[in-house]
Amino acid sequence: MHMVTLLKGALVANAASLGLNWIYNMPYLEKLSQKEDLLFQVPDPSKYKRAGKAFYAYPAAGVGDVSVQGEIAKWLHASLKENPDFSPEDYTALLLDKFKPGGAYTGWVETYGKKLVLNELNKQLKTDIKPLPIDDDQLVGFIPYLVMKSWSRSNEEAWSFAQTLTDIEDYKTFYDAFDTLFDALENTSVSEALKASIEHVPEAFKNPLEKALEYEDTKAFIKDHAGTACSIKHALPLIYHILSHTDSFEEAVRMNTRIGGASSDRGILIGAFMSKADTIPKDWLKKTKLD
């Protein structure tokens with residue numbers, strides 16, 4: 001599969017953290033990191049049980065597998081390669097085919113996928129059930145942006161695909177901010193590129209993203225301005241904090257995994273951005289199932 005570096009970086013970082021994804025016990029992960037490598041693990045139910053606050057969602061995953069958001073990126077990328085005229089309507093049909101009962105995808109389906117299935121099946125069955133709102137606030141809204149960017153296609157087109165799962169226009173604003181970030185990474189440091197991008201983010205995000213760069217104490221920053229869960233209000237400030245407090249692709253992914261929570265999906269953006277600033281470890285590329 002033809003795949004540009006930014007998408008490879010996204011999927012590698014996503015796969016690296018999957019084995020401990022959704023463990024919300026940072027002290028446990030920090031102690032575990034002193035005993036073993038946290039990256040590219042097979043999800044182990046005993047570790048989730050010991051962690052306590054955790055959600056074991058990928059029991060069938062192996063080393064190199066990606067989260068459902070990583071799978072969506074692979075599906076969309078492959079679909080555009082096969083058919084450059086692949087449309088948002090085709091994208092909806094693709095996700096329905098993957099996520100519906102008996103569909104091609106057999107892993108964890110997140111809320112936005114379940115809503116899409118219910119709404120699309122209600123249309124087909126012509127029921128009187130009121131459609132569920134398409135208002136997802138997770139990082140999946142950035143998948144069309146990264147995939148379209150990998151094909152040098154427009155943010156407007158990316159947003160037309162993203163609206164399959166969300167109507168929150170902050171995503172579209174972030175697409176332009178991320179363009180600024182990627183462009184700045186051509187000739188400046190990660191921290192300076194992050195600062196440049198903050199000028200273009202939605203107003204409600206400016207303060208937490210600025211604080212992400214200022215805070216040295218990660219735990220205090222999470223407590224005061226972010227979180228470790230899936231919402232972009234939690235994830236984006238934490239992503240900016242991680243990127244501004246690490247010096248390499250590997251260090252960023254390791255820090256992200258040690259923090260825990262929605263680490264695998266945060267890794268998609270972390271890996272995409274850091275692939276522009278640093279080299280993806282070759283052995284990690286070999287471990288990740290990119291095809």
# chains A, B, ... in the order shown; residues from 1 in each chain; ligands from 1
>>> residues_around(residues="Gly113 of chain A", least_positions_apart="3", cutoff="9 Å", atoms="only C-alpha atoms", output="list of chain:residue names")
A:Leu95, A:Leu96, A:Phe99, A:Lys100, A:Val109, A:Glu110, A:Leu116, A:Val117, A:Leu118, A:Leu165
>>> residues_around(residues="segment 126-136 of chain A", least_positions_apart="5", cutoff="10 Å", atoms="only C-alpha atoms", output="ChimeraX atom specification")
/A:111-113,115-116,118-121,141,162-169,231-232
>>> residues_around(residues="segment 35-52 of chain A", least_positions_apart="6", cutoff="12 Å", atoms="only C-alpha atoms", output="MDAnalysis selection string")
chainID A and resid 12:29 58:67 250:261 263:264 267 283:289
>>> select_by_dssp(residues="segment 12-260 of chain A", states="alpha helix (DSSP H)", output="PyMOL selection string")
chain A and resi 12-17+26-33+45-51+68-82+88-99+111-125+143-150+155-162+170-184+190-198+203-214+218-225+232-244+249-259
>>> write_last_selection(atoms="C-alpha atoms", output="short mmCIF file (atom, residue, chain, number, x, y, z; two decimals), in the first residue's frame")
data_model
loop_
_atom_site.label_atom_id
_atom_site.label_comp_id
_atom_site.auth_asym_id
_atom_site.auth_seq_id
_atom_site.Cartn_x
_atom_site.Cartn_y
_atom_site.Cartn_z
CA VAL A 12 2.90 3.18 14.14
CA ALA A 13 2.28 5.35 17.20
CA ASN A 14 -1.30 4.07 17.38
CA ALA A 15 -0.18 0.43 17.30
CA ALA A 16 2.65 1.00 19.77
CA SER A 17 0.24 2.01 22.54
CA MET A 26 -0.78 6.49 35.54
CA PRO A 27 1.13 5.35 38.68
CA TYR A 28 0.55 1.73 37.68
CA LEU A 29 1.88 2.37 34.15
CA GLU A 30 4.89 4.26 35.49
CA LYS A 31 5.80 1.34 37.76
CA LEU A 32 5.21 -1.15 34.95
CA SER A 33 7.51 0.85 32.66
CA PRO A 45 -6.50 -8.85 30.83
CA SER A 46 -4.50 -9.42 34.02
CA LYS A 47 -2.79 -6.03 33.61
CA TYR A 48 -6.13 -4.33 33.10
CA LYS A 49 -7.44 -6.01 36.22
CA ARG A 50 -4.43 -4.97 38.27
CA ALA A 51 -4.68 -1.42 36.97
CA VAL A 68 -10.60 1.07 15.45
CA GLN A 69 -9.63 4.65 14.56
CA GLY A 70 -6.42 3.33 13.03
CA GLU A 71 -8.47 0.83 11.05
CA ILE A 72 -10.72 3.61 9.77
CA ALA A 73 -7.63 5.48 8.55
CA LYS A 74 -6.44 2.37 6.70
CA TRP A 75 -9.87 1.74 5.17
CA LEU A 76 -10.27 5.32 3.98
CA HIS A 77 -6.73 5.47 2.61
CA ALA A 78 -7.17 2.21 0.69
CA SER A 79 -10.57 3.29 -0.64
CA LEU A 80 -9.17 6.53 -2.03
CA LYS A 81 -6.29 4.65 -3.62
CA GLU A 82 -8.72 2.30 -5.36
CA PRO A 88 -18.62 10.87 1.78
CA GLU A 89 -21.65 8.75 0.92
CA ASP A 90 -19.29 5.90 0.02
CA TYR A 91 -17.52 6.47 3.34
CA THR A 92 -20.81 6.12 5.21
CA ALA A 93 -21.57 2.90 3.34
CA LEU A 94 -18.06 1.60 4.08
CA LEU A 95 -18.39 2.23 7.82
CA LEU A 96 -21.85 0.68 7.86
CA ASP A 97 -20.54 -2.43 6.10
CA LYS A 98 -17.69 -2.72 8.60
CA PHE A 99 -19.59 -1.98 11.80
CA THR A 111 -20.16 4.99 20.07
CA TYR A 112 -19.97 6.94 16.81
CA GLY A 113 -19.90 3.66 14.88
CA LYS A 114 -22.91 2.30 16.74
CA LYS A 115 -24.82 5.53 16.13
CA LEU A 116 -24.02 5.40 12.42
CA VAL A 117 -25.24 1.80 12.18
CA LEU A 118 -28.48 2.56 14.02
CA ASN A 119 -29.23 5.66 11.95
CA GLU A 120 -28.43 4.01 8.62
CA LEU A 121 -30.43 0.86 9.40
CA ASN A 122 -33.36 3.02 10.53
CA LYS A 123 -33.25 4.76 7.13
CA GLN A 124 -33.22 1.43 5.32
CA LEU A 125 -36.08 0.08 7.43
CA ILE A 143 -8.87 10.79 10.52
CA PRO A 144 -10.24 12.28 7.27
CA TYR A 145 -7.88 15.24 7.66
CA LEU A 146 -4.78 13.06 7.97
CA VAL A 147 -5.83 10.73 5.15
CA MET A 148 -6.74 13.58 2.80
CA LYS A 149 -3.46 15.31 3.64
CA SER A 150 -1.62 12.10 2.77
CA ASN A 155 -9.41 20.40 4.10
CA GLU A 156 -12.86 21.13 2.70
CA GLU A 157 -12.97 17.60 1.34
CA ALA A 158 -11.70 16.22 4.64
CA TRP A 159 -14.46 18.05 6.48
CA SER A 160 -17.12 16.65 4.12
CA PHE A 161 -15.99 13.17 5.16
CA ALA A 162 -15.68 14.00 8.85
CA ASP A 170 -14.01 22.90 15.74
CA TYR A 171 -12.50 20.01 13.77
CA LYS A 172 -12.51 22.04 10.56
CA THR A 173 -10.82 24.95 12.35
CA PHE A 174 -8.18 22.58 13.71
CA TYR A 175 -7.47 21.30 10.19
CA ASP A 176 -6.19 24.75 9.26
CA ALA A 177 -4.27 25.02 12.55
CA PHE A 178 -2.64 21.66 11.88
CA ASP A 179 -1.67 22.80 8.39
CA THR A 180 0.18 25.66 10.08
CA LEU A 181 1.85 23.17 12.42
CA PHE A 182 2.97 20.87 9.60
CA ASP A 183 4.25 23.82 7.55
CA ALA A 184 6.17 25.27 10.51
CA VAL A 190 8.26 21.33 17.47
CA SER A 191 7.58 23.79 20.31
CA GLU A 192 7.72 26.79 17.97
CA ALA A 193 5.50 25.02 15.45
CA LEU A 194 2.97 24.27 18.18
CA LYS A 195 2.98 27.93 19.24
CA ALA A 196 2.36 29.01 15.65
CA SER A 197 -0.59 26.64 15.33
CA ILE A 198 -2.27 27.88 18.52
CA GLU A 203 -10.90 30.19 20.87
CA ALA A 204 -12.01 27.79 23.62
CA PHE A 205 -8.86 25.71 23.10
CA LYS A 206 -6.27 28.51 23.13
CA ASN A 207 -5.72 28.74 26.88
CA PRO A 208 -5.38 24.99 27.58
CA LEU A 209 -3.05 24.59 24.59
CA GLU A 210 -0.91 27.50 25.72
CA LYS A 211 -0.77 25.99 29.21
CA ALA A 212 0.20 22.66 27.62
CA LEU A 213 3.46 24.25 26.51
CA GLU A 214 4.05 26.15 29.75
CA THR A 218 2.46 16.65 33.56
CA LYS A 219 0.19 15.45 36.36
CA ALA A 220 -0.58 19.01 37.42
CA PHE A 221 -1.27 19.97 33.82
CA ILE A 222 -3.68 17.06 33.36
CA LYS A 223 -5.48 18.00 36.58
CA ASP A 224 -5.74 21.69 35.73
CA HIS A 225 -6.21 21.84 31.96
CA ILE A 232 -10.78 16.32 22.11
CA LYS A 233 -11.12 18.68 25.09
CA HIS A 234 -9.00 16.18 27.03
CA ALA A 235 -6.87 14.74 24.25
CA LEU A 236 -5.68 17.77 22.27
CA PRO A 237 -4.18 19.71 25.21
CA LEU A 238 -2.43 16.53 26.34
CA ILE A 239 -1.11 15.87 22.84
CA TYR A 240 0.34 19.40 22.70
CA HIS A 241 1.89 18.91 26.15
CA ILE A 242 3.52 15.62 25.14
CA LEU A 243 4.84 17.02 21.86
CA SER A 244 6.32 20.08 23.56
CA PHE A 249 9.30 10.30 17.87
CA GLU A 250 10.23 7.49 20.27
CA GLU A 251 10.24 9.68 23.38
CA ALA A 252 6.83 11.17 22.52
CA VAL A 253 5.24 7.76 22.00
CA ARG A 254 6.75 6.40 25.22
CA MET A 255 5.55 9.37 27.26
CA ASN A 256 2.09 9.09 25.71
CA THR A 257 1.84 5.41 26.62
CA ARG A 258 3.05 5.92 30.21
CA ILE A 259 0.35 8.54 30.77
#
>>> atom_distance(atom1="atom CA of Ile268 of chain A", atom2="atom CA of Asp85 of chain A")
25.1 Å
>>> closest_residue(among="A:Leu139, A:Leu11, A:Leu269, A:Ala54", to="Cys230 of chain A", atoms="only C-alpha atoms")
A:Leu139
>>> select_by_dssp(residues="segment 41-183 of chain A", states="strand (DSSP E or B)", output="ChimeraX atom specification")
/A:54,135,138,166
>>> write_last_selection(atoms="N, CA, C and O atoms", output="PDB file, in the first residue's frame")
ATOM      1  N   ALA A  54      -9.700   0.798  34.271  1.00  0.00           N
ATOM      2  CA  ALA A  54      -9.234   0.432  32.932  1.00  0.00           C
ATOM      3  C   ALA A  54     -10.384  -0.182  32.150  1.00  0.00           C
ATOM      4  O   ALA A  54     -11.360  -0.675  32.729  1.00  0.00           O
ATOM      5  N   ASP A 135     -22.670  13.928  16.621  1.00  0.00           N
ATOM      6  CA  ASP A 135     -21.940  14.980  17.330  1.00  0.00           C
ATOM      7  C   ASP A 135     -20.730  14.427  18.070  1.00  0.00           C
ATOM      8  O   ASP A 135     -20.390  14.890  19.167  1.00  0.00           O
ATOM      9  N   GLN A 138     -14.607  12.809  19.597  1.00  0.00           N
ATOM     10  CA  GLN A 138     -13.365  12.076  19.772  1.00  0.00           C
ATOM     11  C   GLN A 138     -12.394  12.376  18.621  1.00  0.00           C
ATOM     12  O   GLN A 138     -12.713  13.100  17.682  1.00  0.00           O
ATOM     13  N   THR A 166     -19.458  13.573  12.793  1.00  0.00           N
ATOM     14  CA  THR A 166     -19.529  14.709  13.719  1.00  0.00           C
ATOM     15  C   THR A 166     -19.969  15.981  13.010  1.00  0.00           C
ATOM     16  O   THR A 166     -19.639  16.202  11.841  1.00  0.00           O
TER      17      THR A 166
END
>>> atom_distance(atom1="atom CA of Leu7 of chain A", atom2="atom CA of Glu199 of chain A")
24.8 Å
